[in-house]
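Take a look at the structure below.
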Amino acid sequence: MRKVLGPVLLFLCFSSVFAQSPQERILINQVGFYPDKPKMAVIVNSDAMNFAVKSKKDNKTVFRGKLSEKRKSPFSDKYTKIADFSAVKKAGTYYVEVPALGKSYSFEIRTEVHKEVAKASIKGFYFQRLGIPLEAKYAGQWARPAGNPDTKVYIHGSAATEKRPEGTKISSPGGWLDAGDYNKYIVNSGITMGTLLSLYEDFPAFSKTLDLNIPESGNKIPDLLDEVLWNLRWMLTMQDPEDGGVYNKLTNPGFDGMIMPHETLNKRYVVQKGTAAALDFAAVTAQASRVFKAYETALPGLSDSCLKASQLAWKWAKQNPALEYNQDEMNKTFAPKIVTGGYGDKNFLDEWSWAAAELLITTGDKTYYEDIKVSPNVFLNVPSWPNVQTLAYYSMSRFKDQLSKGPAKNDIPVVIKKVTELADRLTKDTEKHYLNTPMGKIARDFSWGSSSVAANQGVALIQAYQLTKNELYLNQAIDNLDYLMGRNGTAYNFLTGFGSKKVMHPHHRPSIADGVNDPVPGLLSGGPNPGKQDKCTTYTSDVPDECFTDDDCSYASNEIAINWNAPMAYLAAAIEALNKK
Ligand code: 9MR
Ligand code: 9MR
């Protein structure tokens with residue numbers, strides 16, 4: 001069967017582009033552009049030489065331009081030309097028109113053009129809350145009951161200790177659902193929380209202005225931090241107070257069916273402690289401790305509790321420095337077998353580095369220094385759940401002045417050099433690239449959750465911009481936001497609820513089961529992934545940058561996940577904050 005399907009798919013992929021509508025061949029950010037920033041559309045497989053920008057309300061031409069030279073996609077025989085209309089600065093709603101091809105989707109030019117995108121992608125976390133009813137006044141048509149309270153969760157055999165033997169009941173309520181599934185994972189919460197707390201630390205003034213219409217709105221804490229707090233409180237319950245170790249996840253044995261959160265009846269477990277979980281937890285709680293220090297009156301004791309929890313987890317990790325979460329191995333010994341997401345990691349150097357950096361910044365205690373291990377020889381990549389090294393470099397950049405007075409002082413120039421090197425790598429040859437984006441220069445960018453690769457590249461560029469004020473970095477961060485908003489090989493806007501070619505069927509259980517036509521808004525779809533691990537039959541292309549299907553069968557290309565939403569939120573919010581100045 002698969003042998004027959006191969007050539008058919010190959011045929012489809014070469015023919016797919018030509019079968020697309022004009023709007024799908026004029027790839028463009030379907031939300032919009034800032035008056036004073038670069039603006040472009042990418043024209044696919046057209047021999048036209050010129051284009052026009054027209055006003056939507058009266059179809060009047062406001063700009064005529066020449067298309068660029070042809071650029072070839074590295075992934076297929078598709079070629080593109082760039083329509084640059086940066087010269088159009090007047091606020092309004094427009095579309096691009098290409099002779100013999102047609103009109104693009106419409107878009108706006110205005111200040112604060114991504115404000116709603118930024119807010120919705122943070123509000124997306126509210127919609128992932130477990131253990132609190134989502135009320136209509138906050139959730140609109142996506143209101144739903146609380147879901148699993150997780151107040152009676154069992155210690156799995158893999159996590160048993162003398163004080164907490166197998167079958168002991170603990171309470172571990174709240175937190176965010178990880179993704180399209182209903183489990184809660186510490187490792188993935190790690191990078192997610194680190195990214196959101198960093199958004200707050202990098203752009204505190206802007207973060208404070210964000211009104212998300214969540215139950216805590218109007219209290220004395222910024223909404224972004226209220227949302228973070230929802231998951232932080234859950235994370236704190238995942239630490240065994242007896243020894244400081246942290247359970248990898250709170251989970252059903254297997255994935256639920258396509259039902260609502262309150263319909264799940266499976267027994268839930270906390271499973272095996274691990275080094276990655278302990279160190280990611282230590283990093284997050286150390287960072288949270290310093291962020292919430294400023295809210296001591298509203299949240300008495302929280303900052304101190306976070307720091308104590310962090311230090312306890314760190315101590316546990318020192319005693320268990322390389323305890324891998326290997327689900328298959330675990331299942332040979334313990335019952336029930338656990339077959340939900342693994343988030344298994346073997347290499348802990350990056351987790352050591354990140355936790356040590358956060359602890360050093362928060363406490364100033366030099367004993368943490370030796371585990372940071374900043375090196376001029378490191379090859380920094382954009383972060384991902386198993387690779388958090390770069391998060392240490394970001395936090396050290398942010399606190400460079402403070403750290404320059406302590407044991408890490410000689411590392412600061414190296415940190416800055418490494419973060420800017422990463423940005424230079426991402427921006428190299430963008431002006432020759434078929435989408436004119438940092439995203440998608442190499443096939444590897446299109447892996448499971450590729451949208452988060454684009455978003456995390458954007459975050460890296462913002463970090464480098466903060467250090468250097470080099471406009472090129474900011475402009476190319478915006479290029480990647482344009483990618484996510486529609487200037488990509490699929491023409492989809494990957495954030496639910498936004499754009500004209502909308503993602504409608506994410507692999508997200510509430511969106512599937514709630515009976516509401518539109519999916520839950522503000523969630524970032526995974527994006528193209530030629531791995532096609534879900535074996536869905538509705539993909540129409542095998543080409544890396546097009547290998548996506550807006551079908552809820554597709555957990556490998558169209559699931560949503562908190563660790564993908566966090567850099568999406570960071571990128572959109574940071575760009576809004578920087579364009580306000
Ligand atoms: O729904 C699950 C999704 O959250 C995971 O990312 C994915 C990969 O682990 O698995 C999904 O669950 C599927 C399972 O792996 C196989 N049987 C069908 C399940 C739902 O599509
Ligand atoms: O994001 C994860 C990706 O890097 C892995 O390749 C994939 C398969 O192990 O799992 C992804 O994470 C899923 C997790 O295991 C369960 N919840 C849904 C996550 C997103 O698909």
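We name chains A, B, ... following the order of the structure tokens; residues begin at 1 in each chain, and ligands are numbered from 1 as shown.
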Checklist entry - Which residues, written as a ChimeraX atom specification, have at least one atom at most 7 Å from Gly499 in chain A, with only C-alpha atoms counted and residues fewer than 3 positions away on the same chain left out? => result /A:30-31,485,493,502
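These are the residues of range 360-557 of chain A assigned strand (DSSP E or B) by DSSP from backbone coordinates: Ser384, Asn387, Asn493, Leu495, Lys502, His507, Leu524 and Ser525 of chain A.
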Item to check | Among the residues A:Gln239, A:Asn248, A:Asn45, A:Lys366, the one that comes closest to Ala313 in chain A [using only C-alpha atoms] | outcome: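 The answer is A:Gln239, which sits nearest to Ala313 in chain A.
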Item to check | Residues of range 321-365 of chain A in helix (DSSP H, G or I), written as a PyMOL selection string | outcome: chain A and resi 327-333+349-363
Next, the residues of the selection above should be written as a PDB file, in the first residue's frame with N, CA and C atoms.
```
ATOM      1  N   GLN A 327      10.946   5.607  29.193  1.00  0.00           N
ATOM      2  CA  GLN A 327       9.625   5.025  29.409  1.00  0.00           C
ATOM      3  C   GLN A 327       9.576   3.539  29.071  1.00  0.00           C
ATOM      4  N   ASP A 328      10.256   3.166  27.985  1.00  0.00           N
ATOM      5  CA  ASP A 328      10.225   1.751  27.583  1.00  0.00           C
ATOM      6  C   ASP A 328      10.870   0.875  28.652  1.00  0.00           C
ATOM      7  N   GLU A 329      12.009   1.338  29.165  1.00  0.00           N
ATOM      8  CA  GLU A 329      12.681   0.594  30.245  1.00  0.00           C
ATOM      9  C   GLU A 329      11.778   0.503  31.474  1.00  0.00           C
ATOM     10  N   MET A 330      11.179   1.632  31.827  1.00  0.00           N
ATOM     11  CA  MET A 330      10.315   1.694  33.002  1.00  0.00           C
ATOM     12  C   MET A 330       9.160   0.699  32.874  1.00  0.00           C
ATOM     13  N   ASN A 331       8.614   0.606  31.671  1.00  0.00           N
ATOM     14  CA  ASN A 331       7.459  -0.260  31.452  1.00  0.00           C
ATOM     15  C   ASN A 331       7.796  -1.745  31.561  1.00  0.00           C
ATOM     16  N   LYS A 332       9.093  -2.087  31.523  1.00  0.00           N
ATOM     17  CA  LYS A 332       9.476  -3.500  31.689  1.00  0.00           C
ATOM     18  C   LYS A 332       9.307  -3.924  33.142  1.00  0.00           C
ATOM     19  N   THR A 333       9.339  -2.940  34.043  1.00  0.00           N
ATOM     20  CA  THR A 333       9.312  -3.269  35.472  1.00  0.00           C
ATOM     21  C   THR A 333       7.982  -2.948  36.153  1.00  0.00           C
ATOM     22  N   LEU A 349      23.649  18.050  30.282  1.00  0.00           N
ATOM     23  CA  LEU A 349      24.570  19.188  30.432  1.00  0.00           C
ATOM     24  C   LEU A 349      23.843  20.516  30.288  1.00  0.00           C
ATOM     25  N   ASP A 350      22.904  20.534  29.328  1.00  0.00           N
ATOM     26  CA  ASP A 350      22.172  21.787  29.081  1.00  0.00           C
ATOM     27  C   ASP A 350      21.236  22.111  30.245  1.00  0.00           C
ATOM     28  N   GLU A 351      20.590  21.099  30.816  1.00  0.00           N
ATOM     29  CA  GLU A 351      19.711  21.364  31.964  1.00  0.00           C
ATOM     30  C   GLU A 351      20.526  21.840  33.169  1.00  0.00           C
ATOM     31  N   TRP A 352      21.714  21.236  33.364  1.00  0.00           N
ATOM     32  CA  TRP A 352      22.595  21.713  34.454  1.00  0.00           C
ATOM     33  C   TRP A 352      22.922  23.178  34.257  1.00  0.00           C
ATOM     34  N   SER A 353      23.268  23.500  33.022  1.00  0.00           N
ATOM     35  CA  SER A 353      23.701  24.856  32.715  1.00  0.00           C
ATOM     36  C   SER A 353      22.572  25.861  32.969  1.00  0.00           C
ATOM     37  N   TRP A 354      21.381  25.502  32.497  1.00  0.00           N
ATOM     38  CA  TRP A 354      20.254  26.434  32.634  1.00  0.00           C
ATOM     39  C   TRP A 354      19.878  26.638  34.109  1.00  0.00           C
ATOM     40  N   ALA A 355      19.729  25.523  34.846  1.00  0.00           N
ATOM     41  CA  ALA A 355      19.356  25.629  36.265  1.00  0.00           C
ATOM     42  C   ALA A 355      20.425  26.404  37.033  1.00  0.00           C
ATOM     43  N   ALA A 356      21.694  26.101  36.747  1.00  0.00           N
ATOM     44  CA  ALA A 356      22.788  26.780  37.457  1.00  0.00           C
ATOM     45  C   ALA A 356      22.760  28.279  37.171  1.00  0.00           C
ATOM     46  N   ALA A 357      22.523  28.630  35.915  1.00  0.00           N
ATOM     47  CA  ALA A 357      22.501  30.053  35.553  1.00  0.00           C
ATOM     48  C   ALA A 357      21.364  30.770  36.272  1.00  0.00           C
ATOM     49  N   GLU A 358      20.187  30.180  36.280  1.00  0.00           N
ATOM     50  CA  GLU A 358      19.049  30.839  36.946  1.00  0.00           C
ATOM     51  C   GLU A 358      19.306  30.954  38.447  1.00  0.00           C
ATOM     52  N   LEU A 359      19.869  29.899  39.037  1.00  0.00           N
ATOM     53  CA  LEU A 359      20.135  29.952  40.478  1.00  0.00           C
ATOM     54  C   LEU A 359      21.212  30.977  40.818  1.00  0.00           C
ATOM     55  N   LEU A 360      22.247  31.058  39.980  1.00  0.00           N
ATOM     56  CA  LEU A 360      23.284  32.056  40.226  1.00  0.00           C
ATOM     57  C   LEU A 360      22.694  33.472  40.128  1.00  0.00           C
ATOM     58  N   ILE A 361      21.889  33.699  39.100  1.00  0.00           N
ATOM     59  CA  ILE A 361      21.310  35.043  38.923  1.00  0.00           C
ATOM     60  C   ILE A 361      20.424  35.405  40.116  1.00  0.00           C
ATOM     61  N   THR A 362      19.618  34.444  40.557  1.00  0.00           N
ATOM     62  CA  THR A 362      18.669  34.750  41.636  1.00  0.00           C
ATOM     63  C   THR A 362      19.359  34.905  42.988  1.00  0.00           C
ATOM     64  N   THR A 363      20.364  34.054  43.241  1.00  0.00           N
ATOM     65  CA  THR A 363      20.946  34.047  44.597  1.00  0.00           C
ATOM     66  C   THR A 363      22.291  34.760  44.686  1.00  0.00           C
TER      67      THR A 363
END
```
Item to check | Atom pair CA of Ala569 in chain A / CA of Asp345 in chain A: separation (Å) | outcome: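 One can read the CA of Ala569 in chain A to CA of Asp345 in chain A distance as 25.4 Å.
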Item to check | Selection: 10 Å around range 288-304 of chain A, only C-alpha atoms, excl. self and same-chain fewer than 2 positions, as a PyMOL selection string | outcome: chain A and resi 193-194+197-198+200-201+219-222+225+228-229+232-233+282-286+306-310+358-359+361-363
Neighbouring residues of ligand 1 are defined here as those with any atom at most 10 Å from a ligand atom, counting only C-alpha atoms and all ligand atoms; list them as a compact mmCIF listing (two decimals) with all heavy atoms, in the first residue's frame.
```
# COMPACT_ATOMS: atom_id res chain seq x y z
N ASP A 178 -0.88 19.80 28.44
CA ASP A 178 0.35 19.98 27.66
C ASP A 178 0.09 20.42 26.23
O ASP A 178 0.81 21.25 25.68
CB ASP A 178 1.11 18.65 27.62
CG ASP A 178 2.43 18.74 26.87
OD1 ASP A 178 3.25 19.59 27.27
OD2 ASP A 178 2.62 17.99 25.90
N ALA A 179 -0.96 19.84 25.62
CA ALA A 179 -1.05 19.99 24.17
C ALA A 179 -2.46 19.59 23.76
O ALA A 179 -3.43 19.99 24.40
CB ALA A 179 0.02 19.10 23.53
N GLY A 180 -2.57 18.74 22.74
CA GLY A 180 -3.86 18.20 22.37
C GLY A 180 -4.28 17.09 23.32
O GLY A 180 -5.42 16.64 23.31
N ASP A 181 -3.34 16.63 24.14
CA ASP A 181 -3.64 15.57 25.11
C ASP A 181 -3.86 16.17 26.50
O ASP A 181 -3.65 17.36 26.71
CB ASP A 181 -2.53 14.50 25.12
CG ASP A 181 -1.19 15.07 25.60
OD1 ASP A 181 -0.90 16.23 25.29
OD2 ASP A 181 -0.44 14.35 26.30
N TYR A 182 -4.26 15.33 27.45
CA TYR A 182 -4.67 15.84 28.76
C TYR A 182 -3.68 15.55 29.88
O TYR A 182 -4.05 15.46 31.05
CB TYR A 182 -6.05 15.27 29.11
CG TYR A 182 -7.17 15.82 28.22
CD1 TYR A 182 -8.36 15.14 28.04
CD2 TYR A 182 -7.00 17.04 27.55
CE1 TYR A 182 -9.38 15.65 27.24
CE2 TYR A 182 -8.00 17.56 26.73
CZ TYR A 182 -9.19 16.87 26.59
OH TYR A 182 -10.18 17.38 25.80
N ASN A 183 -2.42 15.39 29.52
CA ASN A 183 -1.43 15.08 30.55
C ASN A 183 -0.59 16.32 30.84
O ASN A 183 -0.64 17.29 30.10
CB ASN A 183 -0.60 13.89 30.08
CG ASN A 183 -1.53 12.74 29.72
OD1 ASN A 183 -2.25 12.23 30.58
ND2 ASN A 183 -1.59 12.38 28.44
N GLY A 254 -2.62 5.78 29.27
CA GLY A 254 -2.64 5.95 27.81
C GLY A 254 -3.36 7.23 27.45
O GLY A 254 -3.98 7.87 28.31
N PHE A 255 -3.29 7.60 26.18
CA PHE A 255 -3.98 8.84 25.76
C PHE A 255 -5.50 8.66 25.82
O PHE A 255 -6.02 7.59 25.52
CB PHE A 255 -3.58 9.22 24.33
CG PHE A 255 -2.16 9.74 24.24
CD1 PHE A 255 -1.17 9.00 23.60
CD2 PHE A 255 -1.83 10.97 24.78
CE1 PHE A 255 0.12 9.48 23.51
CE2 PHE A 255 -0.53 11.46 24.68
CZ PHE A 255 0.45 10.72 24.05
N ASP A 256 -6.20 9.72 26.22
CA ASP A 256 -7.66 9.70 26.22
C ASP A 256 -8.19 9.64 24.79
O ASP A 256 -7.48 9.98 23.84
CB ASP A 256 -8.19 11.01 26.84
CG ASP A 256 -7.94 11.07 28.33
OD1 ASP A 256 -8.52 10.26 29.06
OD2 ASP A 256 -7.14 11.95 28.75
N GLY A 257 -9.47 9.28 24.68
CA GLY A 257 -10.14 9.41 23.39
C GLY A 257 -10.40 10.88 23.10
O GLY A 257 -9.99 11.76 23.85
N MET A 258 -11.13 11.14 22.03
CA MET A 258 -11.38 12.53 21.64
C MET A 258 -12.59 13.07 22.42
O MET A 258 -13.68 13.26 21.87
CB MET A 258 -11.61 12.62 20.13
CG MET A 258 -10.36 12.27 19.34
SD MET A 258 -8.99 13.38 19.79
CE MET A 258 -7.58 12.38 19.31
N VAL A 339 2.09 4.95 28.37
CA VAL A 339 2.43 5.13 26.95
C VAL A 339 2.12 6.54 26.43
O VAL A 339 2.03 6.76 25.22
CB VAL A 339 1.75 4.07 26.05
CG1 VAL A 339 2.19 2.67 26.43
CG2 VAL A 339 0.22 4.17 26.14
N THR A 340 1.96 7.48 27.33
CA THR A 340 1.75 8.87 26.90
C THR A 340 3.12 9.49 26.57
O THR A 340 4.14 8.80 26.62
CB THR A 340 1.03 9.65 28.01
OG1 THR A 340 1.75 9.46 29.23
CG2 THR A 340 -0.41 9.17 28.18
N GLY A 341 3.12 10.80 26.27
CA GLY A 341 4.36 11.44 25.82
C GLY A 341 5.55 11.17 26.73
O GLY A 341 5.41 11.16 27.96
N GLY A 342 6.71 10.94 26.14
CA GLY A 342 7.88 10.59 26.93
C GLY A 342 8.68 11.79 27.40
O GLY A 342 9.06 11.87 28.56
N TYR A 343 8.91 12.72 26.49
CA TYR A 343 9.83 13.83 26.78
C TYR A 343 11.08 13.28 27.47
O TYR A 343 11.55 13.83 28.46
CB TYR A 343 9.16 14.92 27.63
CG TYR A 343 8.10 15.72 26.89
CD1 TYR A 343 6.77 15.74 27.32
CD2 TYR A 343 8.42 16.47 25.77
CE1 TYR A 343 5.80 16.49 26.66
CE2 TYR A 343 7.45 17.21 25.08
CZ TYR A 343 6.15 17.21 25.55
OH TYR A 343 5.19 17.95 24.89
N TRP A 448 8.89 17.99 13.85
CA TRP A 448 7.66 18.00 14.67
C TRP A 448 7.60 19.32 15.46
O TRP A 448 8.51 19.61 16.24
CB TRP A 448 7.74 16.80 15.63
CG TRP A 448 6.48 16.42 16.32
CD1 TRP A 448 5.60 17.25 16.95
CD2 TRP A 448 5.97 15.09 16.50
NE1 TRP A 448 4.57 16.52 17.50
CE2 TRP A 448 4.78 15.19 17.25
CE3 TRP A 448 6.42 13.82 16.11
CZ2 TRP A 448 4.03 14.06 17.61
CZ3 TRP A 448 5.67 12.71 16.48
CH2 TRP A 448 4.49 12.84 17.21
N HIS A 507 -5.20 18.99 16.13
CA HIS A 507 -5.27 17.81 16.99
C HIS A 507 -5.29 18.32 18.43
O HIS A 507 -4.26 18.44 19.09
CB HIS A 507 -4.05 16.91 16.73
CG HIS A 507 -4.07 15.63 17.51
ND1 HIS A 507 -4.68 14.48 17.05
CD2 HIS A 507 -3.58 15.30 18.73
CE1 HIS A 507 -4.55 13.52 17.95
NE2 HIS A 507 -3.87 13.99 18.98
N HIS A 508 -6.46 18.67 18.88
CA HIS A 508 -6.63 19.30 20.20
C HIS A 508 -7.98 18.82 20.70
O HIS A 508 -9.02 19.20 20.16
CB HIS A 508 -6.60 20.83 20.02
CG HIS A 508 -6.80 21.61 21.28
ND1 HIS A 508 -7.87 22.45 21.48
CD2 HIS A 508 -6.05 21.68 22.42
CE1 HIS A 508 -7.77 23.02 22.69
NE2 HIS A 508 -6.68 22.56 23.26
N ARG A 509 -7.96 17.97 21.70
CA ARG A 509 -9.19 17.29 22.10
C ARG A 509 -10.37 18.23 22.37
O ARG A 509 -11.46 17.98 21.88
CB ARG A 509 -8.90 16.34 23.28
CG ARG A 509 -8.19 15.07 22.80
CD ARG A 509 -7.65 14.24 23.94
NE ARG A 509 -7.13 12.95 23.45
CZ ARG A 509 -5.98 12.80 22.80
NH1 ARG A 509 -5.21 13.85 22.55
NH2 ARG A 509 -5.60 11.61 22.39
N GLN A 533 4.61 11.22 11.22
CA GLN A 533 4.56 10.08 12.15
C GLN A 533 3.13 9.64 12.46
O GLN A 533 2.90 8.53 12.91
CB GLN A 533 5.28 10.44 13.47
CG GLN A 533 6.79 10.61 13.35
CD GLN A 533 7.22 12.02 12.95
OE1 GLN A 533 6.44 12.80 12.40
NE2 GLN A 533 8.48 12.34 13.18
N ASP A 534 2.16 10.52 12.21
CA ASP A 534 0.76 10.17 12.51
C ASP A 534 0.12 9.30 11.43
O ASP A 534 -0.97 8.78 11.61
CB ASP A 534 -0.06 11.46 12.67
CG ASP A 534 0.21 12.46 11.55
OD1 ASP A 534 0.15 12.07 10.37
OD2 ASP A 534 0.51 13.63 11.87
N CYS A 536 -1.42 10.02 8.86
CA CYS A 536 -2.69 10.52 8.31
C CYS A 536 -2.64 10.40 6.79
O CYS A 536 -1.57 10.51 6.20
CB CYS A 536 -2.91 11.99 8.67
SG CYS A 536 -3.29 12.23 10.38
N ASP A 552 -7.62 16.79 12.05
CA ASP A 552 -7.34 16.48 13.47
C ASP A 552 -6.69 15.11 13.68
O ASP A 552 -6.27 14.78 14.79
CB ASP A 552 -8.57 16.70 14.36
CG ASP A 552 -9.76 15.87 13.94
OD1 ASP A 552 -9.56 14.70 13.59
OD2 ASP A 552 -10.89 16.42 13.98
N CYS A 553 -6.54 14.33 12.61
CA CYS A 553 -5.76 13.09 12.75
C CYS A 553 -4.27 13.42 12.90
O CYS A 553 -3.49 12.58 13.34
CB CYS A 553 -5.94 12.19 11.52
SG CYS A 553 -5.35 12.94 9.99
N SER A 554 -3.89 14.63 12.52
CA SER A 554 -2.46 14.89 12.32
C SER A 554 -1.74 15.46 13.53
O SER A 554 -1.42 16.65 13.59
CB SER A 554 -2.26 15.83 11.13
OG SER A 554 -0.87 15.92 10.87
N TYR A 555 -1.44 14.58 14.50
CA TYR A 555 -0.70 15.08 15.66
C TYR A 555 0.74 15.43 15.32
O TYR A 555 1.39 16.16 16.07
CB TYR A 555 -0.80 14.14 16.86
CG TYR A 555 -0.41 12.70 16.63
CD1 TYR A 555 0.91 12.31 16.57
CD2 TYR A 555 -1.40 11.72 16.49
CE1 TYR A 555 1.26 10.98 16.38
CE2 TYR A 555 -1.07 10.39 16.30
CZ TYR A 555 0.26 10.02 16.24
OH TYR A 555 0.60 8.72 16.05
N ALA A 556 1.24 14.92 14.19
CA ALA A 556 2.63 15.26 13.84
C ALA A 556 2.76 16.58 13.08
O ALA A 556 3.86 17.13 12.97
CB ALA A 556 3.26 14.13 13.03
N SER A 557 1.66 17.10 12.54
CA SER A 557 1.76 18.41 11.87
C SER A 557 0.76 19.43 12.39
O SER A 557 0.93 20.63 12.18
CB SER A 557 1.59 18.27 10.35
OG SER A 557 0.22 18.25 9.95
N ASN A 558 -0.30 18.98 13.07
CA ASN A 558 -1.36 19.94 13.41
C ASN A 558 -1.84 19.80 14.85
O ASN A 558 -2.99 20.10 15.15
CB ASN A 558 -2.53 19.77 12.42
CG ASN A 558 -3.48 20.95 12.41
OD1 ASN A 558 -3.11 22.05 12.77
ND2 ASN A 558 -4.72 20.71 12.01
N GLU A 559 -0.92 19.35 15.74
CA GLU A 559 -1.26 19.42 17.16
C GLU A 559 -0.89 20.82 17.66
O GLU A 559 -0.30 21.62 16.92
CB GLU A 559 -0.51 18.35 17.97
CG GLU A 559 -1.02 18.23 19.40
CD GLU A 559 -0.60 16.95 20.15
OE1 GLU A 559 -0.01 16.05 19.53
OE2 GLU A 559 -0.88 16.87 21.36
N ILE A 560 -1.28 21.13 18.84
CA ILE A 560 -0.84 22.39 19.47
C ILE A 560 -0.09 21.98 20.73
O ILE A 560 -0.25 20.86 21.20
CB ILE A 560 -2.04 23.32 19.81
CG1 ILE A 560 -2.94 22.69 20.89
CG2 ILE A 560 -2.87 23.60 18.56
CD1 ILE A 560 -2.65 23.10 22.28
N ALA A 561 0.74 22.84 21.30
CA ALA A 561 1.46 22.47 22.51
C ALA A 561 1.94 23.73 23.23
O ALA A 561 2.26 24.73 22.58
CB ALA A 561 2.66 21.57 22.18
```
Checklist entry - Which residue gives the smallest distance to Ile43 in chain A among A:Lys441, A:Lys90, A:Arg487, A:Lys432, with only C-alpha atoms counted? => result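 Closest residue, counting only C-alpha atoms: A:Arg487.
As for CA of Lys249 in chain A and CA of Leu523 in chain A, they are spaced 22.0 Å apart.
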Checklist entry - Can you tell me, as a PyMOL selection string, what residues are no more than 8 Å from range 80-86 of chain A when counting only C-alpha atoms, ignoring any on the same chain fewer than 5 positions away? => result chain A and resi 36-46+51+53+63+65-73+434-436
Next on the checklist: Using Å and a single decimal, report how far CA of Asn347 in chain A sits from CA of Lys535 in chain A.
Outcome noted: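 Interatomic distance here is 29.2 Å.
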Kindly provide the residues of range 484-570 of chain A that approach range 113-126 of chain A to within 9 Å, each paired with its closest atom pair and their distance in Å to one decimal, based on only C-alpha atoms, listed by chain and increasing number, as a Markdown table.
```
| residue | atom | partner | partner_atom | distance |
| --- | --- | --- | --- | --- |
| A:Leu495 | CA | A:Ser121 | CA | 7.8 |
| A:Gly497 | CA | A:Ala120 | CA | 8.7 |
| A:Phe498 | CA | A:Val117 | CA | 7.6 |
| A:Val520 | CA | A:Gly124 | CA | 7.9 |
| A:Pro521 | CA | A:Gly124 | CA | 6.6 |
| A:Gly522 | CA | A:Ser121 | CA | 4.4 |
| A:Leu523 | CA | A:Gly124 | CA | 5.6 |
| A:Leu524 | CA | A:Ser121 | CA | 7.7 |
| A:Ile562 | CA | A:Phe125 | CA | 7.2 |
| A:Asn565 | CA | A:Ser121 | CA | 6.3 |
| A:Ala566 | CA | A:Ile122 | CA | 7.5 |
| A:Met568 | CA | A:Ser121 | CA | 6.7 |
| A:Ala569 | CA | A:Ser121 | CA | 5.0 |
| A:Tyr570 | CA | A:Ala118 | CA | 7.7 |
```
Checklist entry - Taking into account only C-alpha atoms, which residue in the set A:Ser305, A:Asn480, A:Gln128, A:Asn326 is nearest to Ala146 in chain A? => result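 Residue with the minimum atom-to-atom distance to Ala146 in chain A: A:Gln128.
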